[in-house]
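Printed here is input10.csv (CSV, C-alpha atoms and all ligand atoms):
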```csv
chain,number,residue,atom,x,y,z
A,1,MET,CA,83.1,129.9,230.2
A,2,PRO,CA,80.8,127.3,231.8
A,3,GLY,CA,82.0,125.7,235.1
A,4,LYS,CA,84.3,122.7,234.8
A,5,GLY,CA,82.3,119.5,234.3
A,6,LEU,CA,79.5,121.6,232.6
A,7,GLU,CA,78.2,122.5,236.1
A,8,ASP,CA,74.9,124.5,235.9
A,9,ILE,CA,74.7,124.1,232.1
A,10,ILE,CA,71.3,123.2,230.7
A,11,ALA,CA,72.0,120.7,228.0
A,12,ALA,CA,68.5,119.8,226.9
A,13,GLU,CA,64.8,120.3,227.6
A,14,THR,CA,63.0,117.3,229.1
A,15,ALA,CA,59.6,116.4,230.3
A,16,ILE,CA,60.8,113.1,231.9
A,17,SER,CA,62.3,114.1,235.3
A,18,ASP,CA,63.1,117.1,237.4
A,19,ILE,CA,65.3,117.8,240.4
A,20,ASP,CA,65.2,120.5,243.0
A,21,GLY,CA,68.8,120.3,244.3
A,22,LYS,CA,68.3,122.8,247.1
A,23,LEU,CA,65.2,121.2,248.5
A,24,GLY,CA,66.3,117.7,247.7
A,25,ARG,CA,63.3,116.7,245.6
A,26,LEU,CA,63.0,114.5,242.6
A,27,PHE,CA,60.0,114.2,240.2
A,28,TYR,CA,59.2,111.8,237.4
A,29,VAL,CA,57.0,113.5,234.9
A,30,GLY,CA,55.7,115.8,237.7
A,31,TYR,CA,55.2,113.1,240.3
A,32,ASP,CA,57.2,113.3,243.5
A,33,ILE,CA,59.5,110.4,244.2
A,34,HIS,CA,58.3,110.4,247.8
A,35,GLU,CA,54.8,109.5,246.5
A,36,LEU,CA,56.0,107.1,243.8
A,37,ALA,CA,58.5,105.0,245.9
A,38,PRO,CA,55.9,103.6,248.4
A,39,SER,CA,53.1,103.2,245.9
A,40,SER,CA,54.3,102.6,242.4
A,41,THR,CA,56.0,99.6,240.6
A,42,PHE,CA,58.8,99.5,238.2
A,43,GLU,CA,56.5,98.6,235.3
A,44,GLU,CA,54.3,101.6,236.1
A,45,ILE,CA,57.4,103.8,236.1
A,46,VAL,CA,58.5,102.4,232.7
A,47,TYR,CA,55.1,103.4,231.3
A,48,LEU,CA,55.2,106.8,232.9
A,49,LEU,CA,58.7,107.7,231.6
A,50,HIS,CA,57.8,106.6,228.1
A,51,ASN,CA,54.3,107.8,227.8
A,52,LEU,CA,54.4,110.8,230.2
A,53,GLU,CA,51.2,109.7,232.0
A,54,LEU,CA,50.5,107.0,234.5
A,55,PRO,CA,48.8,104.0,232.9
A,56,SER,CA,45.3,102.8,233.2
A,57,LYS,CA,44.8,99.2,234.4
A,58,ALA,CA,44.5,98.0,230.8
A,59,GLN,CA,47.5,100.0,229.7
A,60,LEU,CA,49.6,98.6,232.5
A,61,GLU,CA,48.4,95.1,231.8
A,62,GLU,CA,49.4,95.5,228.2
A,63,LEU,CA,52.9,96.7,229.1
A,64,ASN,CA,53.3,93.9,231.6
A,65,GLU,CA,52.5,91.4,228.9
A,66,ARG,CA,54.9,93.0,226.5
A,67,LEU,CA,57.8,93.0,229.1
A,68,ILE,CA,57.1,89.4,230.0
A,69,ALA,CA,57.0,88.3,226.4
A,70,GLU,CA,60.4,90.0,225.7
A,71,ARG,CA,62.3,88.3,228.6
A,72,GLU,CA,64.1,85.6,226.5
A,73,LEU,CA,67.4,86.3,224.8
A,74,ASP,CA,67.9,85.5,221.2
A,75,ALA,CA,70.1,82.5,220.1
A,76,PHE,CA,73.0,84.7,219.0
A,77,VAL,CA,73.3,86.4,222.4
A,78,GLU,CA,72.9,83.0,224.2
A,79,ARG,CA,75.9,81.8,222.2
A,80,LEU,CA,77.9,84.9,222.8
A,81,MET,CA,77.5,85.1,226.6
A,82,PRO,CA,79.4,82.0,227.6
A,83,THR,CA,82.5,83.4,225.8
A,84,MET,CA,82.6,86.3,228.2
A,85,VAL,CA,82.2,84.7,231.6
A,86,GLU,CA,85.9,84.0,232.3
A,87,GLN,CA,87.5,87.3,231.8
A,88,THR,CA,84.9,90.1,231.3
A,89,SER,CA,83.8,92.3,234.2
A,90,PRO,CA,80.0,92.4,234.6
A,91,MET,CA,79.7,96.0,233.3
A,92,SER,CA,81.9,95.3,230.3
A,93,MET,CA,79.9,92.2,229.6
A,94,LEU,CA,76.7,94.2,229.7
A,95,ARG,CA,78.1,96.9,227.4
A,96,THR,CA,79.3,94.3,224.9
A,97,THR,CA,76.1,92.2,225.1
A,98,VAL,CA,73.8,95.2,224.5
A,99,SER,CA,75.9,96.3,221.6
A,100,ALA,CA,75.7,92.8,220.1
A,101,MET,CA,71.9,92.6,220.8
A,102,SER,CA,71.4,95.1,218.0
A,103,ALA,CA,72.6,92.6,215.4
A,104,TYR,CA,69.5,90.3,215.8
A,105,ASP,CA,66.9,92.7,217.1
A,106,PRO,CA,63.6,91.7,215.5
A,107,ASP,CA,63.1,95.3,214.4
A,108,GLY,CA,66.5,95.4,212.7
A,109,TRP,CA,67.7,98.8,211.7
A,110,ASP,CA,64.1,100.3,211.6
A,111,GLN,CA,64.4,103.6,213.4
A,112,SER,CA,60.7,104.5,213.3
A,113,THR,CA,59.1,105.8,216.5
A,114,GLU,CA,57.1,102.6,216.8
A,115,ALA,CA,60.2,100.4,216.3
A,116,ASN,CA,62.2,102.4,218.8
A,117,TYR,CA,59.4,102.0,221.4
A,118,ARG,CA,59.5,98.2,220.8
A,119,LYS,CA,63.3,98.2,221.0
A,120,ALA,CA,63.2,100.2,224.2
A,121,MET,CA,60.7,97.7,225.9
A,122,ARG,CA,62.8,94.8,224.7
A,123,LEU,CA,66.0,96.3,226.2
A,124,ILE,CA,64.3,97.1,229.5
A,125,SER,CA,63.0,93.6,229.8
A,126,ARG,CA,66.2,91.8,228.7
A,127,PHE,CA,68.7,93.7,230.8
A,128,ALA,CA,67.6,91.6,233.7
A,129,THR,CA,67.9,88.4,231.8
A,130,VAL,CA,71.4,89.3,230.5
A,131,ILE,CA,72.7,90.0,234.0
A,132,ALA,CA,71.1,86.9,235.5
A,133,THR,CA,72.3,84.7,232.7
A,134,PHE,CA,75.9,86.0,233.0
A,135,HIS,CA,75.9,85.3,236.8
A,136,ARG,CA,74.5,81.8,236.4
A,137,LEU,CA,77.0,80.9,233.7
A,138,ARG,CA,80.0,82.2,235.7
A,139,SER,CA,78.8,80.4,238.8
A,140,ASN,CA,78.4,77.1,236.9
A,141,GLU,CA,74.7,77.1,237.7
A,142,GLN,CA,71.8,76.3,235.4
A,143,VAL,CA,70.5,79.3,233.5
A,144,LEU,CA,66.9,79.7,234.5
A,145,LYS,CA,63.9,80.4,232.3
A,146,ALA,CA,61.9,83.5,233.3
A,147,ASN,CA,58.8,83.0,235.3
A,148,PRO,CA,55.9,84.8,233.6
A,149,LYS,CA,53.9,84.8,236.8
A,150,LEU,CA,56.4,87.1,238.5
A,151,SER,CA,56.8,90.9,238.3
A,152,HIS,CA,59.9,92.3,236.6
A,153,ALA,CA,61.7,92.8,240.0
A,154,ALA,CA,60.8,89.4,241.5
A,155,ASN,CA,61.6,87.6,238.3
A,156,PHE,CA,65.0,89.3,238.1
A,157,LEU,CA,65.8,88.2,241.6
A,158,TYR,CA,64.6,84.7,240.9
A,159,MET,CA,66.6,84.3,237.7
A,160,LEU,CA,69.7,85.6,239.5
A,161,THR,CA,69.6,83.7,242.7
A,162,GLY,CA,67.5,80.7,241.8
A,163,ARG,CA,65.1,81.5,244.7
A,164,GLU,CA,61.6,83.0,244.2
A,165,PRO,CA,61.7,86.0,246.5
A,166,ASP,CA,58.8,86.3,249.0
A,167,GLU,CA,56.5,89.3,248.6
A,168,GLU,CA,58.4,91.6,250.9
A,169,PHE,CA,61.8,90.9,249.3
A,170,GLY,CA,60.4,91.3,245.8
A,171,ARG,CA,58.8,94.6,246.8
A,172,ILE,CA,62.0,96.0,248.3
A,173,PHE,CA,63.8,95.3,245.1
A,174,ASP,CA,61.0,96.8,243.1
A,175,VAL,CA,61.2,100.0,245.1
A,176,CYS,CA,65.0,100.1,244.4
A,177,LEU,CA,64.2,99.8,240.6
A,178,VAL,CA,61.7,102.6,240.9
A,179,LEU,CA,64.2,104.9,242.7
A,180,HIS,CA,67.0,104.4,240.1
A,181,ALA,CA,64.9,104.7,237.0
A,182,ASP,CA,65.7,108.3,235.9
A,183,HIS,CA,67.6,111.3,237.1
A,184,THR,CA,67.6,114.2,234.6
A,185,MET,CA,70.9,115.0,232.8
A,186,ASN,CA,73.2,112.6,234.7
A,187,ALA,CA,76.4,111.6,232.9
A,188,SER,CA,75.1,108.4,231.4
A,189,THR,CA,71.8,109.9,230.2
A,190,PHE,CA,73.8,112.8,228.7
A,191,ALA,CA,76.0,110.3,226.9
A,192,ALA,CA,73.0,108.5,225.6
A,193,ARG,CA,71.4,111.8,224.3
A,194,VAL,CA,74.7,112.8,222.6
A,195,ALA,CA,74.8,109.5,220.7
A,196,ALA,CA,71.1,109.7,219.9
A,197,SER,CA,71.5,113.3,218.6
A,198,THR,CA,73.8,112.0,215.8
A,199,LEU,CA,70.8,109.8,214.8
A,200,SER,CA,72.7,106.7,215.8
A,201,ASP,CA,70.5,103.8,216.7
A,202,ILE,CA,69.0,103.1,220.2
A,203,HIS,CA,71.3,100.2,221.0
A,204,SER,CA,74.4,102.3,220.3
A,205,ALA,CA,73.1,105.1,222.5
A,206,VAL,CA,72.3,102.7,225.3
A,207,THR,CA,75.8,101.2,224.9
A,208,ALA,CA,77.3,104.7,225.3
A,209,ALA,CA,75.2,105.1,228.5
A,210,ILE,CA,76.4,101.8,230.0
A,211,ALA,CA,80.0,102.7,229.3
A,212,THR,CA,79.5,106.0,231.1
A,213,LEU,CA,77.6,104.5,234.1
A,214,LYS,CA,80.5,102.1,234.6
A,215,GLY,CA,82.8,104.7,236.2
A,216,PRO,CA,83.2,105.0,240.0
A,217,LEU,CA,82.1,108.6,240.0
A,218,HIS,CA,78.7,107.6,238.6
A,219,GLY,CA,77.1,104.1,238.9
A,220,GLY,CA,80.2,102.3,240.0
A,221,ALA,CA,80.0,104.0,243.4
A,222,ASN,CA,77.5,101.5,244.9
A,223,GLU,CA,79.9,98.7,244.5
A,224,ALA,CA,82.7,100.8,246.0
A,225,VAL,CA,80.5,101.6,249.0
A,226,MET,CA,80.0,97.9,249.8
A,227,LYS,CA,83.7,97.2,249.4
A,228,ILE,CA,84.4,99.9,252.0
A,229,LEU,CA,81.8,98.5,254.4
A,230,LEU,CA,83.2,95.0,254.1
A,231,GLN,CA,86.7,96.3,254.5
A,232,ILE,CA,85.8,98.3,257.7
A,233,GLY,CA,83.8,95.4,259.1
A,234,SER,CA,82.3,96.8,262.3
A,235,VAL,CA,80.5,99.9,263.6
A,236,GLU,CA,83.2,100.6,266.1
A,237,LYS,CA,85.9,100.9,263.4
A,238,VAL,CA,83.8,103.3,261.2
A,239,ARG,CA,84.8,106.7,262.7
A,240,ASP,CA,88.6,106.1,262.6
A,241,ALA,CA,88.5,104.4,259.2
A,242,VAL,CA,86.5,107.2,257.5
A,243,LYS,CA,88.7,109.9,259.2
A,244,ALA,CA,91.8,108.2,257.9
A,245,LYS,CA,90.4,108.1,254.4
A,246,LEU,CA,89.5,111.8,254.6
A,247,ASP,CA,92.9,112.7,256.0
A,248,ALA,CA,94.5,110.8,253.0
A,249,LYS,CA,92.3,113.1,250.8
A,250,GLU,CA,90.3,110.0,249.5
A,251,LYS,CA,86.8,110.5,248.4
A,252,ILE,CA,84.2,108.6,250.4
A,253,MET,CA,82.1,106.8,247.8
A,254,GLY,CA,78.3,107.2,248.1
A,255,PHE,CA,78.6,110.8,249.3
A,256,GLY,CA,78.2,114.1,247.6
A,257,HIS,CA,76.3,115.1,244.5
A,258,ARG,CA,76.6,117.6,241.7
A,259,VAL,CA,73.0,118.7,242.0
A,260,TYR,CA,71.8,117.9,245.5
A,261,LYS,CA,73.0,120.3,248.2
A,262,THR,CA,71.0,118.5,250.8
A,263,GLU,CA,69.9,114.8,251.3
A,264,ASP,CA,69.3,113.0,248.0
A,265,PRO,CA,65.5,112.0,248.3
A,266,ARG,CA,66.3,108.5,247.1
A,267,ALA,CA,68.7,108.0,250.0
A,268,THR,CA,65.8,108.8,252.4
A,269,HIS,CA,63.9,105.7,251.1
A,270,LEU,CA,67.0,103.5,250.7
A,271,ARG,CA,68.0,104.2,254.3
A,272,LYS,CA,64.6,102.9,255.5
A,273,LEU,CA,64.9,99.9,253.2
A,274,SER,CA,68.4,99.1,254.4
A,275,LYS,CA,67.0,99.0,258.0
A,276,GLN,CA,64.0,96.9,257.0
A,277,ILE,CA,65.9,94.3,255.0
A,278,GLY,CA,68.7,94.1,257.6
A,279,GLU,CA,66.0,93.2,260.2
A,280,MET,CA,64.4,90.7,257.8
A,281,VAL,CA,67.7,88.9,257.2
A,282,GLY,CA,68.7,89.2,260.9
A,283,ASP,CA,71.8,91.3,260.2
A,284,THR,CA,71.6,95.0,260.7
A,285,ARG,CA,75.4,95.5,260.8
A,286,TRP,CA,75.6,97.1,257.3
A,287,TYR,CA,72.8,99.4,258.1
A,288,GLU,CA,74.3,100.5,261.4
A,289,MET,CA,77.7,101.0,259.9
A,290,SER,CA,76.1,103.0,257.1
A,291,LEU,CA,74.4,105.2,259.7
A,292,ALA,CA,77.7,105.7,261.5
A,293,MET,CA,79.5,106.6,258.3
A,294,GLU,CA,76.8,109.1,257.4
A,295,GLU,CA,77.3,110.8,260.7
A,296,VAL,CA,81.1,111.1,260.3
A,297,VAL,CA,81.0,112.3,256.7
A,298,LEU,CA,78.4,114.9,257.5
A,299,GLU,CA,80.4,116.2,260.6
A,300,GLU,CA,83.7,116.2,258.8
A,301,LYS,CA,82.8,117.3,255.2
A,302,GLY,CA,79.2,118.5,255.4
A,303,LEU,CA,78.3,115.9,252.7
A,304,TYR,CA,75.1,113.9,252.4
A,305,PRO,CA,74.6,110.3,251.1
A,306,ASN,CA,73.6,109.9,247.5
A,307,VAL,CA,71.5,107.1,245.9
A,308,ASP,CA,74.5,104.7,245.9
A,309,PHE,CA,75.2,104.8,249.6
A,310,TYR,CA,72.3,102.9,251.1
A,311,ALA,CA,71.6,101.0,247.9
A,312,ALA,CA,74.8,99.0,248.7
A,313,SER,CA,73.6,97.5,251.9
A,314,VAL,CA,70.1,96.9,250.5
A,315,TYR,CA,71.5,95.0,247.5
A,316,TYR,CA,73.9,93.1,249.7
A,317,CYS,CA,71.1,91.9,252.0
A,318,LEU,CA,69.0,91.0,248.9
A,319,GLY,CA,71.8,88.5,248.1
A,320,ILE,CA,73.0,90.4,245.0
A,321,PRO,CA,76.7,89.8,244.3
A,322,VAL,CA,78.7,93.0,244.9
A,323,ASP,CA,80.1,93.2,241.4
A,324,LEU,CA,76.6,93.2,240.0
A,325,PHE,CA,75.4,96.3,241.9
A,326,THR,CA,76.2,98.6,239.0
A,327,PRO,CA,74.6,96.4,236.3
A,328,VAL,CA,71.5,96.2,238.6
A,329,PHE,CA,71.5,100.1,238.6
A,330,ALA,CA,71.7,99.9,234.8
A,331,ALA,CA,68.8,97.5,234.6
A,332,SER,CA,66.6,100.1,236.2
A,333,ARG,CA,68.2,103.2,234.5
A,334,VAL,CA,67.7,101.7,231.0
A,335,SER,CA,64.1,102.8,231.4
A,336,GLY,CA,65.2,106.4,231.7
A,337,TRP,CA,67.9,106.2,229.1
A,338,THR,CA,65.5,104.8,226.5
A,339,ALA,CA,62.9,107.4,227.4
A,340,HIS,CA,65.5,110.2,227.0
A,341,ILE,CA,66.8,108.8,223.7
A,342,ARG,CA,63.2,108.7,222.3
A,343,GLU,CA,62.7,112.2,223.5
A,344,GLN,CA,65.9,113.3,221.8
A,345,TYR,CA,64.9,111.7,218.5
A,346,ALA,CA,61.4,113.3,218.7
A,347,ASP,CA,62.9,116.9,218.6
A,348,ASN,CA,66.5,116.4,217.5
A,349,ARG,CA,69.4,118.7,216.9
A,350,LEU,CA,73.0,117.5,216.9
A,351,ILE,CA,74.6,118.1,220.3
A,352,ARG,CA,77.9,119.6,219.5
A,353,PRO,CA,79.2,122.1,222.1
A,354,GLU,CA,82.3,124.3,221.7
A,355,SER,CA,85.6,124.0,223.5
A,356,ALA,CA,87.9,126.8,224.9
A,357,TYR,CA,91.3,126.4,223.3
A,358,VAL,CA,94.2,126.7,225.8
A,359,GLY,CA,97.1,125.2,223.8
A,360,PRO,CA,100.1,126.9,222.1
A,361,PRO,CA,99.4,129.8,219.8
A,362,HIS,CA,98.8,128.9,216.1
A,363,ARG,CA,102.1,128.1,214.4
A,364,SER,CA,103.7,126.7,211.3
A,365,TYR,CA,104.5,123.0,210.7
A,366,VAL,CA,108.2,122.2,210.9
A,367,PRO,CA,109.5,119.2,208.7
A,368,ILE,CA,110.9,116.4,210.9
A,369,ASP,CA,114.6,116.9,209.9
A,370,GLN,CA,114.5,120.6,210.8
A,371,ARG,CA,113.1,120.0,214.4
A,372,GLY,CA,115.5,120.7,217.3
B,401,LIG,N1,84.2,112.4,249.7
B,401,LIG,C1,85.0,113.3,250.1
B,401,LIG,N2,85.0,114.6,249.6
B,401,LIG,C2,84.2,114.8,248.6
B,401,LIG,C3,83.3,113.9,248.1
B,401,LIG,C4,83.3,112.6,248.7
B,401,LIG,N3,82.4,111.7,248.3
B,401,LIG,N4,82.5,114.4,247.2
B,401,LIG,C5,83.0,115.7,247.0
B,401,LIG,N5,84.0,115.9,247.9
B,401,LIG,C6,84.7,117.2,248.0
B,401,LIG,C7,85.8,117.2,247.0
B,401,LIG,O1,87.0,116.6,247.4
B,401,LIG,C8,85.9,118.7,246.7
B,401,LIG,O2,86.7,119.2,247.8
B,401,LIG,P1,87.7,120.4,247.6
B,401,LIG,O3,86.9,121.5,247.0
B,401,LIG,O4,88.3,120.6,248.9
B,401,LIG,O5,88.7,119.9,246.5
B,401,LIG,C9,84.5,119.2,246.9
B,401,LIG,O6,83.9,118.2,247.7
B,401,LIG,C10,83.8,119.3,245.6
B,401,LIG,O7,83.8,118.0,244.9
B,401,LIG,P2,83.8,117.7,243.4
B,401,LIG,O8,84.3,116.3,243.1
B,401,LIG,O9,84.3,118.8,242.6
B,401,LIG,O10,82.2,117.8,243.2
B,401,LIG,P3,81.4,117.3,241.9
B,401,LIG,O11,80.2,118.1,241.9
B,401,LIG,O12,82.3,117.4,240.7
B,401,LIG,O13,81.2,115.8,242.2
B,401,LIG,C11,80.5,113.7,242.7
B,401,LIG,C12,80.1,115.1,242.5
B,401,LIG,C13,79.3,112.8,242.9
B,401,LIG,C14,81.3,113.2,241.5
B,401,LIG,C15,81.4,113.7,244.0
B,401,LIG,O14,80.7,114.1,245.1
B,401,LIG,C16,82.0,112.3,244.2
B,401,LIG,O15,83.0,111.9,243.7
B,401,LIG,N6,81.3,111.4,245.1
B,401,LIG,C17,81.8,110.1,245.3
B,401,LIG,C18,81.3,109.2,244.2
B,401,LIG,C19,79.9,108.9,244.2
B,401,LIG,O16,79.3,108.6,245.2
B,401,LIG,N7,79.3,109.0,243.0
B,401,LIG,C20,77.9,108.7,242.9
B,401,LIG,C21,77.1,109.9,242.5
B,401,LIG,S1,75.4,109.6,242.5
```
Is it possible to express this structure as structure tokens?
Amino acid sequence: MPGKGLEDIIAAETAISDIDGKLGRLFYVGYDIHELAPSSTFEEIVYLLHNLELPSKAQLEELNERLIAERELDAFVERLMPTMVEQTSPMSMLRTTVSAMSAYDPDGWDQSTEANYRKAMRLISRFATVIATFHRLRSNEQVLKANPKLSHAANFLYMLTGREPDEEFGRIFDVCLVLHADHTMNASTFAARVAASTLSDIHSAVTAAIATLKGPLHGGANEAVMKILLQIGSVEKVRDAVKAKLDAKEKIMGFGHRVYKTEDPRATHLRKLSKQIGEMVGDTRWYEMSLAMEEVVLEEKGLYPNVDFYAASVYYCLGIPVDLFTPVFAASRVSGWTAHIREQYADNRLIRPESAYVGPPHRSYVPIDQRG
């Protein structure tokens, strides 16, 4: 019987990413995240995850042009989105919009390898537009056209906030996207691969992934972290507040991981970025509170921060609204999801595990008028 939650079960072979949980290391197609984070861009990572090699200059240029050309939403989605701004939460909006996007995808129901590559690039490019459009609509602000001169990260921030980020701001966000792009068989990627293994279409598989990322034990944790930081409010109050939560048997969001038994290597970079951006915006309170929380949780529970912990203060200082933290995670992770879906299609067998029955022994049906 496998461990509850399928712990330690190998569910698929993949060439896309690899984790060493004991040493706290993460690799994309063999490249260490510690080398990629300071040097690579999101566009380069998209190419790497989908082609299993780093691009040449010409290949990267071609991919950039493709992503820029795909930034606009189709008319159907543009009409649909205003109907969701009043009542729909951002992750539900994203799930519904991506599902709806399949209806007017220029490649229709073509499931060839080439069409699926085009659909993947379209989805990666448009996630940013969908999230920014939703936010502008709900804030009664003009929906902005994408700026083709900006990178994916900088354009995303521009369309969301209405301000073109300076180089350093844009770069910090770009590194966040690099760090969130893929992470082996996490719950949302697994959900995407299960859907793809039935030979369902790529939009359906990505929709399943969004639905799975939404929960607070997965992508929803970054939003929960920021809410806790805001609620606590100052460094002095951190120790008592965290201890009270632990005494009440509450989980502290942004800590612990199924695979990492030491520091999550993404947290190492996000901690630095949290300090850097705090200094840039002249408010290091969130960074300092995060450091204090980290100290207490390690002391009390022996748990390390995961990717969501320092991402929260970084996104906050970037001016991203708290309820968009998880959609922003999705806007990066869609690169990994689509790479995994295409990998699944390329060598598919239906994913259909067994279950261990623990119900009553097999018995005979009793007609309703004879039941006690
Ligand atoms: N705060 C407090 N205690 C925690 C904890 C946290 N964040 N994460 C795990 N624990 C404790 C559990 O309470 C449990 O203790 P117990 O054995 O005394 O009951 C033990 O550590 C094992 O936790 P469990 O939830 O079974 O581990 P898991 O491998 O199933 O869970 C996570 C991994 C990520 C779901 C879990 O650490 C968690 O819920 N973290 C908070 C949510 C989060 O940050 N998610 C983003 C992940 S990238």
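With distances taken over all atoms listed in the file, A:Gly319 is the one residue among A:Thr207, A:Arg285, A:Gly319, A:Gln370 lying closest to Arg163 in chain A.
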Can I get the residues close to ligand LIG 401 (chain B) as an MDAnalysis selection string, where close means within 8 Å and we count only C-alpha atoms and all ligand atoms?
chainID A and resid 5 7 216:222 246 249:259 297 301 303 305:309
With a distance cut-off of 12 Å and all atoms listed in the file, select the neighbouring residues of range 56-62 of chain A, excluding the residue or stretch itself and same-chain residues fewer than 2 positions from it, and output the selection as a short mmCIF file (atom, residue, chain, number, x, y, z; two decimals) with C-alpha atoms, in the frame of the given file.
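The resulting file, around-v1.cif, is shown below:
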```
data_model
loop_
_atom_site.label_atom_id
_atom_site.label_comp_id
_atom_site.auth_asym_id
_atom_site.auth_seq_id
_atom_site.Cartn_x
_atom_site.Cartn_y
_atom_site.Cartn_z
CA SER A 40 54.30 102.60 242.40
CA THR A 41 56.00 99.60 240.60
CA PHE A 42 58.80 99.50 238.20
CA GLU A 43 56.50 98.60 235.30
CA GLU A 44 54.30 101.60 236.10
CA ILE A 45 57.40 103.80 236.10
CA VAL A 46 58.50 102.40 232.70
CA TYR A 47 55.10 103.40 231.30
CA LEU A 48 55.20 106.80 232.90
CA ASN A 51 54.30 107.80 227.80
CA GLU A 53 51.20 109.70 232.00
CA LEU A 54 50.50 107.00 234.50
CA ASN A 64 53.30 93.90 231.60
CA GLU A 65 52.50 91.40 228.90
CA ARG A 66 54.90 93.00 226.50
CA LEU A 67 57.80 93.00 229.10
CA ILE A 68 57.10 89.40 230.00
CA ALA A 69 57.00 88.30 226.40
CA MET A 121 60.70 97.70 225.90
CA SER A 151 56.80 90.90 238.30
#
```
Go through A:Glu343, A:Asp247, A:Glu164, A:Glu70 and flag the residue nearest Ser197 in chain A, using only C-alpha atoms for the distances.
A:Glu343
Need to verify the contact set: range 184-190 of chain A, 12 Å, all atoms listed in the file, exclusion of same-chain residues closer than 5 positions in sequence. Can you return it as a PyMOL selection string?
chain A and resi 5-21+26-29+49+195-197+205-220+257-259+329-330+333-344+351
Considering all atoms listed in the file, state which residue in the set A:Lys149, A:Met1, A:Phe134, A:Pro55 is at the smallest distance from Ser355 in chain A.
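Using all atoms listed in the file, the shortest distance to Ser355 in chain A belongs to A:Met1.
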Write out as a Markdown table a residue-level contact list of range 174-241 of chain A versus range 265-272 of chain A with cut-off 12 Å: for each qualifying residue the closest pair of atoms and the distance in Å to one decimal, counting only C-alpha atoms, rows sorted by chain and residue number upward.
```
| residue | atom | partner | partner_atom | distance |
| --- | --- | --- | --- | --- |
| A:Asp174 | CA | A:Leu270 | CA | 11.8 |
| A:Val175 | CA | A:His269 | CA | 8.7 |
| A:Cys176 | CA | A:Leu270 | CA | 7.4 |
| A:Leu177 | CA | A:Arg266 | CA | 11.1 |
| A:Val178 | CA | A:Arg266 | CA | 9.7 |
| A:Leu179 | CA | A:Arg266 | CA | 6.1 |
| A:His180 | CA | A:Arg266 | CA | 8.1 |
| A:Ala181 | CA | A:Arg266 | CA | 10.9 |
| A:Asp182 | CA | A:Arg266 | CA | 11.2 |
| A:His183 | CA | A:Arg266 | CA | 10.5 |
```
